[in-house]
$ cat run_36.txt   # compact mmCIF, C-alpha atoms
# COMPACT_ATOMS: atom_id res chain seq x y z
CA MET A 1 75.20 112.65 80.72
CA ALA A 2 78.72 112.80 79.28
CA VAL A 3 80.68 109.59 79.04
CA GLU A 4 83.54 109.65 81.47
CA THR A 5 86.99 109.25 80.03
CA ASP A 6 89.22 106.36 81.01
CA LEU A 7 91.49 108.86 82.68
CA ASP A 8 88.69 110.22 84.90
CA LEU A 9 87.71 106.71 85.85
CA MET A 10 91.27 105.71 86.64
CA LEU A 11 91.79 108.78 88.80
CA ARG A 12 88.68 107.81 90.75
CA VAL A 13 89.94 104.26 91.06
CA ARG A 14 93.11 105.71 92.52
CA ARG A 15 90.98 107.38 95.18
CA GLY A 16 89.38 104.04 96.00
CA ASP A 17 86.21 104.14 93.86
CA SER A 18 85.52 100.50 93.02
CA GLU A 19 82.56 101.34 90.75
CA SER A 20 84.87 103.20 88.42
CA PHE A 21 87.11 100.17 88.29
CA GLY A 22 84.06 98.11 87.40
CA GLU A 23 83.34 100.48 84.52
CA LEU A 24 86.91 100.15 83.21
CA LEU A 25 86.57 96.42 83.48
CA ARG A 26 83.33 96.47 81.45
CA ARG A 27 84.99 98.60 78.79
CA TYR A 28 88.15 96.56 78.39
CA ARG A 29 87.40 92.96 79.35
CA ARG A 30 86.36 91.97 75.83
CA PRO A 31 89.13 93.84 73.97
CA LEU A 32 91.76 92.42 76.29
CA VAL A 33 90.54 88.83 76.09
CA SER A 34 90.43 89.18 72.29
CA TYR A 35 93.88 90.69 72.19
CA PHE A 36 95.36 87.86 74.22
CA ALA A 37 93.43 85.20 72.31
CA ARG A 38 94.98 86.49 69.09
CA MET A 39 98.41 86.84 70.61
CA VAL A 40 98.67 83.50 72.43
CA ARG A 41 95.79 81.57 70.81
CA ASP A 42 95.02 79.47 73.91
CA PRO A 43 91.63 80.80 75.17
CA ALA A 44 92.21 79.74 78.78
CA LEU A 45 95.63 81.37 78.88
CA ALA A 46 94.14 84.46 77.22
CA GLU A 47 91.63 84.82 80.05
CA ASP A 48 94.28 84.25 82.70
CA LEU A 49 96.45 86.95 81.16
CA ALA A 50 93.54 89.40 80.83
CA GLN A 51 92.74 88.79 84.46
CA GLU A 52 96.37 89.41 85.38
CA VAL A 53 96.28 92.76 83.57
CA PHE A 54 93.26 93.91 85.58
CA LEU A 55 94.85 92.70 88.80
CA ARG A 56 98.01 94.66 88.03
CA VAL A 57 96.04 97.77 87.15
CA TYR A 58 94.12 97.49 90.41
CA LYS A 59 97.18 96.80 92.53
CA SER A 60 99.12 99.70 91.08
CA ARG A 61 96.20 102.15 91.06
CA GLU A 62 97.81 104.32 93.72
CA ARG A 63 100.93 104.71 91.62
CA TYR A 64 99.01 105.58 88.44
CA ARG A 65 100.17 108.85 86.90
CA PRO A 66 98.00 110.35 84.15
CA ASP A 67 100.97 111.22 81.92
CA ALA A 68 100.00 108.65 79.30
CA ARG A 69 96.71 107.46 77.89
CA PHE A 70 95.05 104.75 79.93
CA THR A 71 94.91 102.39 76.94
CA THR A 72 98.63 102.84 76.33
CA TRP A 73 99.31 101.80 79.91
CA LEU A 74 96.83 98.93 79.67
CA TYR A 75 98.22 97.57 76.41
CA ARG A 76 101.79 97.97 77.57
CA ILE A 77 101.08 95.69 80.52
CA ALA A 78 99.13 93.35 78.25
CA THR A 79 101.79 93.22 75.55
CA ASN A 80 104.57 92.51 78.03
CA LEU A 81 102.53 89.67 79.50
CA ALA A 82 101.68 88.29 76.06
CA LEU A 83 105.26 88.40 74.81
CA ASN A 84 106.51 86.77 78.01
CA ALA A 85 103.90 84.04 77.64
CA LEU A 86 104.91 83.48 74.02
CA ARG A 87 108.58 83.25 74.95
CA ALA A 88 107.82 80.87 77.79
CA ARG A 89 105.87 78.66 75.41
CA LYS A 90 108.34 78.90 72.57
CA GLY A 91 109.60 75.37 73.10
CA GLU A 92 106.07 74.05 73.10
CA VAL A 93 104.87 75.82 69.97
CA SER A 94 105.69 73.14 67.44
CA SER A 95 104.23 70.31 69.48
CA ASP A 96 101.24 72.44 70.38
CA SER A 97 100.51 73.20 66.74
CA ALA A 98 100.84 69.56 65.89
CA ALA A 99 98.57 68.55 68.73
CA GLN A 100 95.68 70.80 67.79
CA PRO A 101 96.30 72.19 64.32
CA ASP A 102 92.71 72.69 63.35
CA SER A 103 91.01 72.94 66.68
CA GLU A 104 87.84 74.94 66.44
CA PRO A 105 88.41 78.47 67.62
CA PRO A 106 86.30 79.56 70.60
CA VAL A 107 84.66 82.26 68.52
CA GLU A 108 82.51 79.55 66.92
CA ARG A 109 80.40 79.43 70.04
CA PHE A 110 79.19 82.94 69.32
CA ALA A 111 78.92 82.80 65.55
CA ASP A 112 75.80 82.76 63.41
CA PRO A 113 73.79 79.84 64.80
CA GLN A 114 72.39 78.63 61.48
CA PRO A 115 75.12 78.44 58.80
CA SER A 116 75.26 75.31 56.68
CA VAL A 117 77.91 72.75 57.49
CA GLU A 118 79.81 73.67 54.33
CA GLN A 119 79.73 77.40 55.09
CA ARG A 120 80.87 76.68 58.58
CA LEU A 121 83.79 74.56 57.42
CA ILE A 122 84.84 77.18 54.87
CA ARG A 123 84.74 79.92 57.47
CA ILE A 124 86.76 77.83 59.92
CA ASP A 125 89.36 77.10 57.26
CA ARG A 126 89.67 80.73 56.20
CA GLU A 127 89.96 81.84 59.78
CA ARG A 128 92.61 79.22 60.40
CA LEU A 129 94.64 80.48 57.45
CA ILE A 130 94.46 84.06 58.67
CA ARG A 131 95.35 83.06 62.21
CA GLN A 132 98.32 81.02 61.05
CA ALA A 133 99.54 83.86 58.82
CA VAL A 134 99.45 86.32 61.73
CA GLU A 135 100.96 83.82 64.15
CA ALA A 136 103.86 83.24 61.79
CA LEU A 137 104.90 86.89 62.03
CA PRO A 138 107.81 87.84 64.29
CA GLU A 139 106.67 88.80 67.81
CA ASN A 140 106.90 92.58 67.42
CA GLN A 141 105.23 92.62 64.00
CA ARG A 142 102.51 90.39 65.32
CA ALA A 143 101.87 92.62 68.33
CA ALA A 144 101.93 95.72 66.13
CA VAL A 145 99.47 94.30 63.60
CA ILE A 146 97.07 92.99 66.22
CA LEU A 147 97.14 96.28 68.12
CA HIS A 148 96.73 98.30 64.93
CA LYS A 149 94.26 96.22 62.98
CA TYR A 150 92.16 94.56 65.68
CA GLN A 151 92.51 96.75 68.76
CA GLU A 152 92.45 99.96 66.72
CA VAL A 153 95.36 101.47 68.60
CA ASP A 154 97.06 104.25 66.59
CA TYR A 155 100.67 103.93 65.61
CA ARG A 156 101.92 106.55 68.12
CA GLN A 157 100.41 104.61 70.97
CA ILE A 158 101.81 101.39 69.55
CA ALA A 159 105.24 103.03 69.66
CA ASP A 160 104.71 103.75 73.37
CA VAL A 161 103.38 100.27 74.02
CA LEU A 162 106.27 98.55 72.27
CA ASN A 163 108.78 101.14 73.45
CA VAL A 164 110.07 101.85 69.94
CA SER A 165 110.07 104.93 67.74
CA GLU A 166 107.09 105.91 65.59
CA SER A 167 109.07 105.31 62.41
CA ALA A 168 110.00 101.86 63.71
CA VAL A 169 106.29 101.11 64.18
CA LYS A 170 105.53 102.23 60.62
CA SER A 171 108.28 99.97 59.38
CA LEU A 172 107.03 97.04 61.49
CA LEU A 173 103.51 97.51 60.18
CA PHE A 174 104.62 97.84 56.55
CA ARG A 175 106.64 94.62 56.70
CA ALA A 176 103.88 92.79 58.56
CA TYR A 177 101.12 93.81 56.13
CA GLU A 178 103.27 92.98 53.13
CA THR A 179 104.00 89.54 54.55
CA LEU A 180 100.32 88.98 55.22
CA ARG A 181 99.43 90.11 51.71
CA GLY A 182 101.76 87.45 50.34
CA ARG A 183 100.63 84.67 52.65
CA LEU A 184 96.94 85.36 52.24
CA GLU A 185 97.08 85.78 48.48
CA PRO A 186 94.72 82.85 47.79
CA LEU A 187 92.07 84.53 49.93
CA LEU A 188 92.70 87.96 48.40
CA LYS A 189 92.15 86.56 44.90
CA GLY A 190 88.74 85.38 46.00
CA GLY A 191 89.77 81.73 46.01
CA GLN A 192 88.61 79.21 48.60
CA LEU A 193 92.02 78.02 49.82
CA MET B 1 103.16 113.61 40.35
CA LYS B 2 104.98 110.29 40.58
CA CYS B 3 102.95 107.25 41.68
CA LEU B 4 103.13 106.22 45.33
CA ASP B 5 105.62 103.48 46.06
CA GLN B 6 104.60 100.29 47.88
CA GLU B 7 105.50 101.64 51.32
CA GLN B 8 103.61 104.88 50.75
CA LEU B 9 100.60 102.99 49.43
CA SER B 10 100.60 100.68 52.44
CA ALA B 11 101.03 103.59 54.84
CA TYR B 12 98.24 105.51 53.12
CA ALA B 13 95.92 102.49 53.15
CA HIS B 14 96.58 101.85 56.84
CA ARG B 15 96.23 105.52 57.79
CA LEU B 16 99.81 105.93 58.84
CA LEU B 17 100.28 109.18 56.92
CA GLU B 18 99.42 112.55 58.37
CA GLY B 19 99.30 116.23 57.50
CA ARG B 20 100.94 117.28 54.31
CA GLU B 21 102.03 113.74 53.38
CA GLU B 22 98.46 112.53 53.58
CA GLU B 23 97.08 115.48 51.61
CA THR B 24 99.57 114.95 48.80
CA ALA B 25 98.86 111.21 48.66
CA THR B 26 95.09 111.78 48.61
CA ALA B 27 95.38 114.27 45.78
CA HIS B 28 97.43 111.79 43.75
CA VAL B 29 95.26 108.75 44.42
CA ASP B 30 92.12 110.64 43.40
CA ALA B 31 93.68 111.27 40.01
CA CYS B 32 95.53 107.97 39.49
CA PRO B 33 93.56 104.81 38.58
CA ARG B 34 96.69 102.66 38.97
CA CYS B 35 97.29 103.70 42.58
CA ARG B 36 93.56 103.34 43.32
CA ALA B 37 93.68 99.79 42.00
CA ALA B 38 96.69 99.06 44.20
CA LEU B 39 94.83 100.47 47.18
CA GLU B 40 91.91 98.14 46.52
CA GLU B 41 94.17 95.21 47.20
CA TYR B 42 94.94 96.64 50.66
CA ALA B 43 91.22 97.06 51.22
CA ARG B 44 90.72 93.37 50.36
CA LEU B 45 93.49 92.42 52.78
CA ASP B 46 91.73 94.47 55.43
CA ALA B 47 88.45 92.69 54.73
CA VAL B 48 90.09 89.25 54.84
CA LEU B 49 91.77 90.04 58.15
CA ASP B 50 88.35 91.03 59.51
CA GLU B 51 87.25 87.42 59.10
CA TRP B 52 89.31 86.54 62.17
CA LYS B 53 86.62 87.21 64.70
CA PRO B 54 87.31 88.29 68.26
CA SER B 55 86.95 85.92 71.17
CA GLU B 56 84.43 86.59 73.88
CA PRO B 57 85.29 86.26 77.55
CA SER B 58 83.85 83.06 78.97
CA PRO B 59 80.78 83.34 81.23
CA TRP B 60 82.91 82.69 84.32
CA PHE B 61 85.54 85.31 83.49
CA ASP B 62 83.94 88.02 85.65
CA THR B 63 83.43 85.67 88.59
CA ARG B 64 87.03 84.53 88.51
CA LEU B 65 88.26 88.08 88.23
CA ARG B 66 86.11 89.20 91.16
CA GLN B 67 87.50 86.35 93.26
CA ALA B 68 91.06 87.22 92.28
CA LEU B 69 90.48 90.88 93.11
CA ALA B 70 88.91 89.98 96.44
CA ALA B 71 91.87 87.74 97.27
CA SER B 72 94.21 90.52 96.24
CA GLY B 73 92.27 92.96 98.45
CA THR B 74 92.61 90.79 101.54
CA ARG B 75 96.34 90.41 101.02
CA ARG B 76 96.94 94.08 100.51
CA PRO B 77 96.65 95.41 104.09
CA ALA B 78 99.40 93.12 105.25
CA GLY B 79 100.22 93.11 108.94
CA PHE B 80 103.50 92.88 110.74
CA LEU B 81 106.34 91.72 108.47
CA GLY B 82 103.94 91.43 105.59
CA LEU B 83 101.83 88.75 107.26
CA ALA B 84 98.14 89.27 107.92
CA TRP B 85 96.91 88.48 111.45
CA THR B 86 95.22 85.31 110.22
CA ARG B 87 98.58 83.99 109.11
CA TRP B 88 100.09 84.73 112.49
CA VAL B 89 97.26 82.77 114.12
CA ALA B 90 97.95 79.88 111.74
CA VAL B 91 101.69 80.00 112.51
CA GLY B 92 100.98 80.04 116.25
CA ALA B 93 98.57 77.13 115.99
CA LEU B 94 101.11 75.14 114.01
CA ALA B 95 103.85 75.84 116.55
CA LEU B 96 101.52 74.77 119.38
CA LEU B 97 100.62 71.58 117.53
CA VAL B 98 104.27 70.71 116.96
CA GLY B 99 105.06 71.42 120.62
CA VAL B 100 102.26 69.20 121.88
CA GLY B 101 103.31 66.48 119.46
CA VAL B 102 106.92 66.56 120.65
CA TRP B 103 105.83 66.50 124.30
CA ALA B 104 103.51 63.56 123.70
CA TRP B 105 106.16 61.63 121.82
CA ARG B 106 108.78 62.15 124.50
CA ARG B 107 106.30 61.17 127.16
CA ALA B 108 105.47 57.95 125.31
CA HIS B 109 109.02 56.99 124.29
CA GLY B 110 111.35 57.88 127.08
CA PRO B 111 112.14 59.80 130.25
CA ALA B 112 111.25 63.44 130.14
CA VAL B 113 114.68 64.37 131.52
CA VAL B 114 117.54 62.48 129.98
CA PRO B 115 120.57 62.21 132.17
CA PRO B 116 123.89 63.14 130.67
CA VAL B 117 125.72 60.39 128.90
CA ALA B 118 128.59 60.56 131.35
CA GLN B 119 126.17 59.64 134.13
CA ARG B 120 124.45 56.95 132.20
CA VAL B 121 127.50 55.11 130.95
CA VAL B 122 129.22 53.44 133.83
CA PRO B 123 131.65 50.74 132.77
CA GLN B 124 132.10 48.02 135.27
CA LYS B 125 135.77 47.42 134.76
CA SER B 126 137.32 50.78 134.14
CA PRO B 127 138.37 52.45 137.34
CA ALA B 128 138.43 55.81 135.64
CA LEU B 129 134.63 55.70 135.37
CA GLN B 130 133.64 54.64 138.84
CA PRO B 131 130.50 56.36 140.16
CA ALA B 132 132.55 58.59 142.37
CA THR B 133 134.25 60.12 139.38
CA LEU B 134 131.22 60.45 137.13
CA ALA B 135 130.81 64.12 137.64
CA GLN B 136 134.30 64.70 136.32
CA ALA B 137 133.99 62.32 133.40
CA PRO B 138 132.92 64.43 130.41
CA THR B 139 136.34 64.13 128.82
CA THR B 140 135.39 60.59 127.78
CA ALA B 141 132.97 62.00 125.21
CA SER B 142 133.06 64.82 122.73
CA PRO B 143 133.09 68.04 124.73
CA SER B 144 131.24 69.92 122.08
CA ARG B 145 128.32 67.54 122.10
CA ILE B 146 128.05 66.73 125.81
CA LYS B 147 128.29 69.49 128.33
CA GLN B 148 127.89 69.07 132.02
CA ALA B 149 125.26 71.49 133.23
CA PRO B 150 125.47 72.35 136.97
CA ALA B 151 122.09 70.76 137.68
CA LYS B 152 123.19 67.58 136.02
CA VAL B 153 126.43 67.53 137.98
CA ALA B 154 124.42 67.80 141.15
CA HIS B 155 122.24 64.97 139.93
CA ALA B 156 125.33 62.86 139.34
CA LYS B 157 126.57 63.56 142.83
CA ALA B 158 123.22 62.54 144.24
CA ARG B 159 123.57 59.26 142.44
CA GLU B 160 127.05 58.51 143.68
CA ASN B 161 125.78 55.64 145.75
CA ALA B 162 123.92 53.96 142.90
CA SER B 163 125.40 50.71 141.67
CA PRO B 164 126.67 50.29 138.08
CA GLU B 165 123.84 47.77 137.49
CA ASP B 166 121.28 50.47 138.31
CA ASP B 167 122.87 52.78 135.82
CA LEU B 168 122.81 50.16 133.08
CA ARG B 169 119.14 49.43 133.69
CA GLU B 170 118.36 53.08 133.34
CA LEU B 171 120.30 53.21 130.12
CA GLU B 172 118.25 50.40 128.58
CA ASP B 173 115.23 52.69 128.64
CA TYR B 174 117.01 55.31 126.69
CA ASP B 175 116.66 55.69 122.96
CA LEU B 176 119.90 54.10 121.84
CA ILE B 177 119.41 54.70 118.16
CA ALA B 178 119.24 58.42 118.58
CA ASN B 179 122.42 58.39 120.62
CA PHE B 180 124.34 55.75 118.79
CA GLU B 181 126.87 58.22 117.51
CA ILE B 182 127.56 59.54 121.00
CA LEU B 183 127.82 56.11 122.52
CA SER B 184 130.22 54.90 119.89
CA GLU B 185 132.66 57.52 121.05
CA LEU B 186 132.67 56.23 124.59
CA PRO B 187 135.40 53.93 125.98
CA HIS B 188 135.38 50.25 125.28
CA GLY B 189 133.36 49.32 128.37
CA ALA B 190 130.37 51.31 127.27
CA LYS B 191 130.19 50.13 123.65
CA LYS B 192 128.29 47.00 124.44
CA ILE B 193 125.37 49.16 125.44
CA ALA B 194 125.06 50.54 122.00
CA LYS B 195 124.67 47.10 120.42
$ encode --input "run_36.txt" --output "structure tokens"
Amino acid sequence: MAVETDLDLMLRVRRGDSESFGELLRRYRRPLVSYFARMVRDPALAEDLAQEVFLRVYKSRERYRPDARFTTWLYRIATNLALNALRARKGEVSSDSAAQPDSEPPVERFADPQPSVEQRLIRIDRERLIRQAVEALPENQRAAVILHKYQEVDYRQIADVLNVSESAVKSLLFRAYETLRGRLEPLLKGGQL
Amino acid sequence: MKCLDQEQLSAYAHRLLEGREEETATAHVDACPRCRAALEEYARLDAVLDEWKPSEPSPWFDTRLRQALAASGTRRPAGFLGLAWTRWVAVGALALLVGVGVWAWRRAHGPAVVPPVAQRVVPQKSPALQPATLAQAPTTASPSRIKQAPAKVAHAKARENASPEDDLRELEDYDLIANFEILSELPHGAKKIAK
């Protein structure tokens, strides 16, 4: 049986098929939670925002027009929510970072259950460095890199999501990757921080 | 061919080139050890970035989402003026409760029908406010606040034979605090009542 496209599912959702909405939810719950977790860091806020995206998709199902890819629509909603959340928290960022600078990321719950303590600490430290390097990027670069690198969204879609030109996305990505290359140099050289 | 510059290398490494641009870059990189070495650094960056693992939704994510969707579903078919019928029932019940409360309070704290101030305040000394003239006395108080309804005028006429002492006794039962402002506007003879 052929896998139904997101578009087919969304068109069924528009006609009131809740099972199709369930399928979309199964497909995108993990990517969306991950996207938000990388964008806003706070795992609880990430889940709230992912939930909000699904609610908005469901509420506006009757107005859905298949003139853009479903993922473009989904990530546009998600990115707007994430950027708004970041702006709302802007004043809190410094105190937040100071309050929990090295808090263990939630991913540790699902990691390899038997690494040694040393391996675990090294991995946590490396992950912290990467996270901080990405978080230090300007908002648009950060969104572009996370969409491109981690969500595997192509640059044309990113242009639609961020509402900028394709050449602007290429420029954003170039600057972002170059900045990351500089900041993560110790890790690139094979060093341990 | 000239070596790829930094931007071209980055774009090539991150698959941002297409068509002819990509073909040309591939042909060059295949033949150029220097550009291949530069590309390896982008591959290492890619591998390092992969170490930032994705987060999983918590076990209660689906439950919370289902609840939120269910709540959203019940709100959607909104009734008259955007309120569902259950809200109208709640509003009605609240209004009834407030009404009963007000009725009970008035029953416990004072007469159900409060006579007009002009009837209640009967100074003993001022001839202008003798019982016979009570019905025509509203000019002694603010006209905007105290209006003589026809039924109340009739009531005043029916009480023409009552003595001033009777009127004062009736006034003592009245909630003076609530009417202090009104009473303070009355002529000198009535002010003692407000104290």
$ atom_distance --input "run_36.txt" --atom1 "atom CA of Arg128 of chain A" --atom2 "atom CA of Ala47 of chain B"
15.2 Å
$ closest_atom_pairs --input "run_36.txt" --of "chain A" --to "chain B" --cutoff "7 Å" --atoms "only C-alpha atoms" --output "tab-separated table"
residue	atom	partner	partner_atom	distance
A:Arg30	CA	B:Glu56	CA	6.0
A:Val33	CA	B:Pro57	CA	6.0
A:Ser34	CA	B:Ser55	CA	4.9
A:Ala37	CA	B:Ser55	CA	6.6
A:Glu47	CA	B:Pro57	CA	7.0
A:Gln51	CA	B:Leu65	CA	5.9
A:Leu55	CA	B:Leu69	CA	6.4
A:Pro106	CA	B:Ser55	CA	6.4
A:Val107	CA	B:Ser55	CA	5.1
A:Glu127	CA	B:Trp52	CA	5.3
A:Ile130	CA	B:Leu49	CA	6.6
A:Arg131	CA	B:Trp52	CA	7.0
A:Phe174	CA	B:Ser10	CA	6.4
A:Arg181	CA	B:Leu45	CA	6.5
A:Leu188	CA	B:Arg44	CA	6.1
$ atom_distance --input "run_36.txt" --atom1 "atom CA of His148 of chain A" --atom2 "atom CA of Arg41 of chain A"
17.8 Å
$ residues_near_point --input "run_36.txt" --point "(108.7, 81.8, 67.5)" --cutoff "8 Å" --atoms "only C-alpha atoms" --output "PyMOL selection string"
chain A and resi 86-87+90+93+136+138-139
$ atom_distance --input "run_36.txt" --atom1 "atom CA of Pro33 of chain B" --atom2 "atom CA of Lys189 of chain A"
19.4 Å
$ residues_around --input "run_36.txt" --residues "Leu83 of chain A" --least-positions-apart "4" --cutoff "10 Å" --atoms "all atoms listed in the file" --output "PyMOL selection string"
chain A and resi 36+39-40+78-79+87-89+139-140+143
$ write_last_selection --input "run_36.txt" --atoms "C-alpha atoms" --output "mmCIF file, in the coordinates of the input"
data_model
loop_
_atom_site.group_PDB
_atom_site.id
_atom_site.type_symbol
_atom_site.label_atom_id
_atom_site.label_comp_id
_atom_site.auth_asym_id
_atom_site.auth_seq_id
_atom_site.Cartn_x
_atom_site.Cartn_y
_atom_site.Cartn_z
ATOM 1 C CA PHE A 36 95.360 87.860 74.220
ATOM 2 C CA MET A 39 98.410 86.840 70.610
ATOM 3 C CA VAL A 40 98.670 83.500 72.430
ATOM 4 C CA ALA A 78 99.130 93.350 78.250
ATOM 5 C CA THR A 79 101.790 93.220 75.550
ATOM 6 C CA ARG A 87 108.580 83.250 74.950
ATOM 7 C CA ALA A 88 107.820 80.870 77.790
ATOM 8 C CA ARG A 89 105.870 78.660 75.410
ATOM 9 C CA GLU A 139 106.670 88.800 67.810
ATOM 10 C CA ASN A 140 106.900 92.580 67.420
ATOM 11 C CA ALA A 143 101.870 92.620 68.330
#
$ residues_around --input "run_36.txt" --residues "Asp17 of chain A" --least-positions-apart "6" --cutoff "12 Å" --atoms "all atoms listed in the file" --output "mmCIF file with C-alpha atoms, in the coordinates of the input"
data_model
loop_
_atom_site.group_PDB
_atom_site.id
_atom_site.type_symbol
_atom_site.label_atom_id
_atom_site.label_comp_id
_atom_site.auth_asym_id
_atom_site.auth_seq_id
_atom_site.Cartn_x
_atom_site.Cartn_y
_atom_site.Cartn_z
ATOM 1 C CA ASP A 8 88.690 110.220 84.900
ATOM 2 C CA LEU A 9 87.710 106.710 85.850
ATOM 3 C CA MET A 10 91.270 105.710 86.640
ATOM 4 C CA LEU A 11 91.790 108.780 88.800
ATOM 5 C CA GLU A 23 83.340 100.480 84.520
ATOM 6 C CA LEU A 24 86.910 100.150 83.210
ATOM 7 C CA TYR A 58 94.120 97.490 90.410
ATOM 8 C CA ARG A 61 96.200 102.150 91.060
ATOM 9 C CA GLU A 62 97.810 104.320 93.720
#
$ residues_around --input "run_36.txt" --residues "Arg63 of chain A" --least-positions-apart "6" --cutoff "12 Å" --atoms "all atoms listed in the file" --output "count of residues only"
7
$ decode --input "run_36.txt" --residues "segment 55-61 of chain B" --atoms "all heavy atoms" --output "PDB file, in the first residue's frame"
ATOM      1  N   SER B  55      15.444  15.883  20.840  1.00  0.00           N
ATOM      2  CA  SER B  55      14.658  15.589  22.038  1.00  0.00           C
ATOM      3  C   SER B  55      13.449  14.753  21.648  1.00  0.00           C
ATOM      4  O   SER B  55      12.913  14.917  20.558  1.00  0.00           O
ATOM      5  CB  SER B  55      14.165  16.885  22.679  1.00  0.00           C
ATOM      6  OG  SER B  55      15.254  17.653  23.081  1.00  0.00           O
ATOM      7  N   GLU B  56      13.058  13.903  22.557  1.00  0.00           N
ATOM      8  CA  GLU B  56      11.848  13.103  22.337  1.00  0.00           C
ATOM      9  C   GLU B  56      10.671  13.788  23.027  1.00  0.00           C
ATOM     10  O   GLU B  56      10.845  14.403  24.083  1.00  0.00           O
ATOM     11  CB  GLU B  56      12.031  11.714  22.954  1.00  0.00           C
ATOM     12  CG  GLU B  56      13.101  10.876  22.295  1.00  0.00           C
ATOM     13  CD  GLU B  56      12.656  10.377  20.934  1.00  0.00           C
ATOM     14  OE1 GLU B  56      11.447  10.295  20.698  1.00  0.00           O
ATOM     15  OE2 GLU B  56      13.539  10.068  20.103  1.00  0.00           O
ATOM     16  N   PRO B  57       9.493  13.647  22.474  1.00  0.00           N
ATOM     17  CA  PRO B  57       8.322  14.149  23.208  1.00  0.00           C
ATOM     18  C   PRO B  57       8.184  13.354  24.518  1.00  0.00           C
ATOM     19  O   PRO B  57       8.513  12.174  24.553  1.00  0.00           O
ATOM     20  CB  PRO B  57       7.147  13.838  22.272  1.00  0.00           C
ATOM     21  CG  PRO B  57       7.760  13.597  20.939  1.00  0.00           C
ATOM     22  CD  PRO B  57       9.131  13.072  21.178  1.00  0.00           C
ATOM     23  N   SER B  58       7.721  14.016  25.553  1.00  0.00           N
ATOM     24  CA  SER B  58       7.544  13.318  26.823  1.00  0.00           C
ATOM     25  C   SER B  58       6.385  12.317  26.691  1.00  0.00           C
ATOM     26  O   SER B  58       5.561  12.438  25.779  1.00  0.00           O
ATOM     27  CB  SER B  58       7.236  14.332  27.923  1.00  0.00           C
ATOM     28  OG  SER B  58       5.998  14.941  27.646  1.00  0.00           O
ATOM     29  N   PRO B  59       6.306  11.355  27.601  1.00  0.00           N
ATOM     30  CA  PRO B  59       5.245  10.335  27.497  1.00  0.00           C
ATOM     31  C   PRO B  59       3.834  10.928  27.568  1.00  0.00           C
ATOM     32  O   PRO B  59       2.886  10.314  27.107  1.00  0.00           O
ATOM     33  CB  PRO B  59       5.508   9.424  28.702  1.00  0.00           C
ATOM     34  CG  PRO B  59       6.914   9.691  29.105  1.00  0.00           C
ATOM     35  CD  PRO B  59       7.220  11.094  28.706  1.00  0.00           C
ATOM     36  N   TRP B  60       3.704  12.083  28.193  1.00  0.00           N
ATOM     37  CA  TRP B  60       2.363  12.666  28.354  1.00  0.00           C
ATOM     38  C   TRP B  60       2.037  13.696  27.261  1.00  0.00           C
ATOM     39  O   TRP B  60       1.010  14.343  27.296  1.00  0.00           O
ATOM     40  CB  TRP B  60       2.211  13.291  29.738  1.00  0.00           C
ATOM     41  CG  TRP B  60       3.340  14.198  30.121  1.00  0.00           C
ATOM     42  CD1 TRP B  60       3.451  15.523  29.863  1.00  0.00           C
ATOM     43  CD2 TRP B  60       4.543  13.828  30.815  1.00  0.00           C
ATOM     44  NE1 TRP B  60       4.639  16.007  30.322  1.00  0.00           N
ATOM     45  CE2 TRP B  60       5.338  14.998  30.924  1.00  0.00           C
ATOM     46  CE3 TRP B  60       5.031  12.629  31.348  1.00  0.00           C
ATOM     47  CZ2 TRP B  60       6.577  14.992  31.548  1.00  0.00           C
ATOM     48  CZ3 TRP B  60       6.267  12.640  31.969  1.00  0.00           C
ATOM     49  CH2 TRP B  60       7.020  13.799  32.066  1.00  0.00           C
ATOM     50  N   PHE B  61       2.935  13.821  26.281  1.00  0.00           N
ATOM     51  CA  PHE B  61       2.687  14.798  25.219  1.00  0.00           C
ATOM     52  C   PHE B  61       1.386  14.492  24.463  1.00  0.00           C
ATOM     53  O   PHE B  61       0.546  15.366  24.253  1.00  0.00           O
ATOM     54  CB  PHE B  61       3.870  14.807  24.240  1.00  0.00           C
ATOM     55  CG  PHE B  61       3.679  15.719  23.062  1.00  0.00           C
ATOM     56  CD1 PHE B  61       3.849  17.089  23.189  1.00  0.00           C
ATOM     57  CD2 PHE B  61       3.294  15.221  21.821  1.00  0.00           C
ATOM     58  CE1 PHE B  61       3.655  17.944  22.116  1.00  0.00           C
ATOM     59  CE2 PHE B  61       3.100  16.066  20.742  1.00  0.00           C
ATOM     60  CZ  PHE B  61       3.280  17.429  20.882  1.00  0.00           C
TER      61      PHE B  61
END
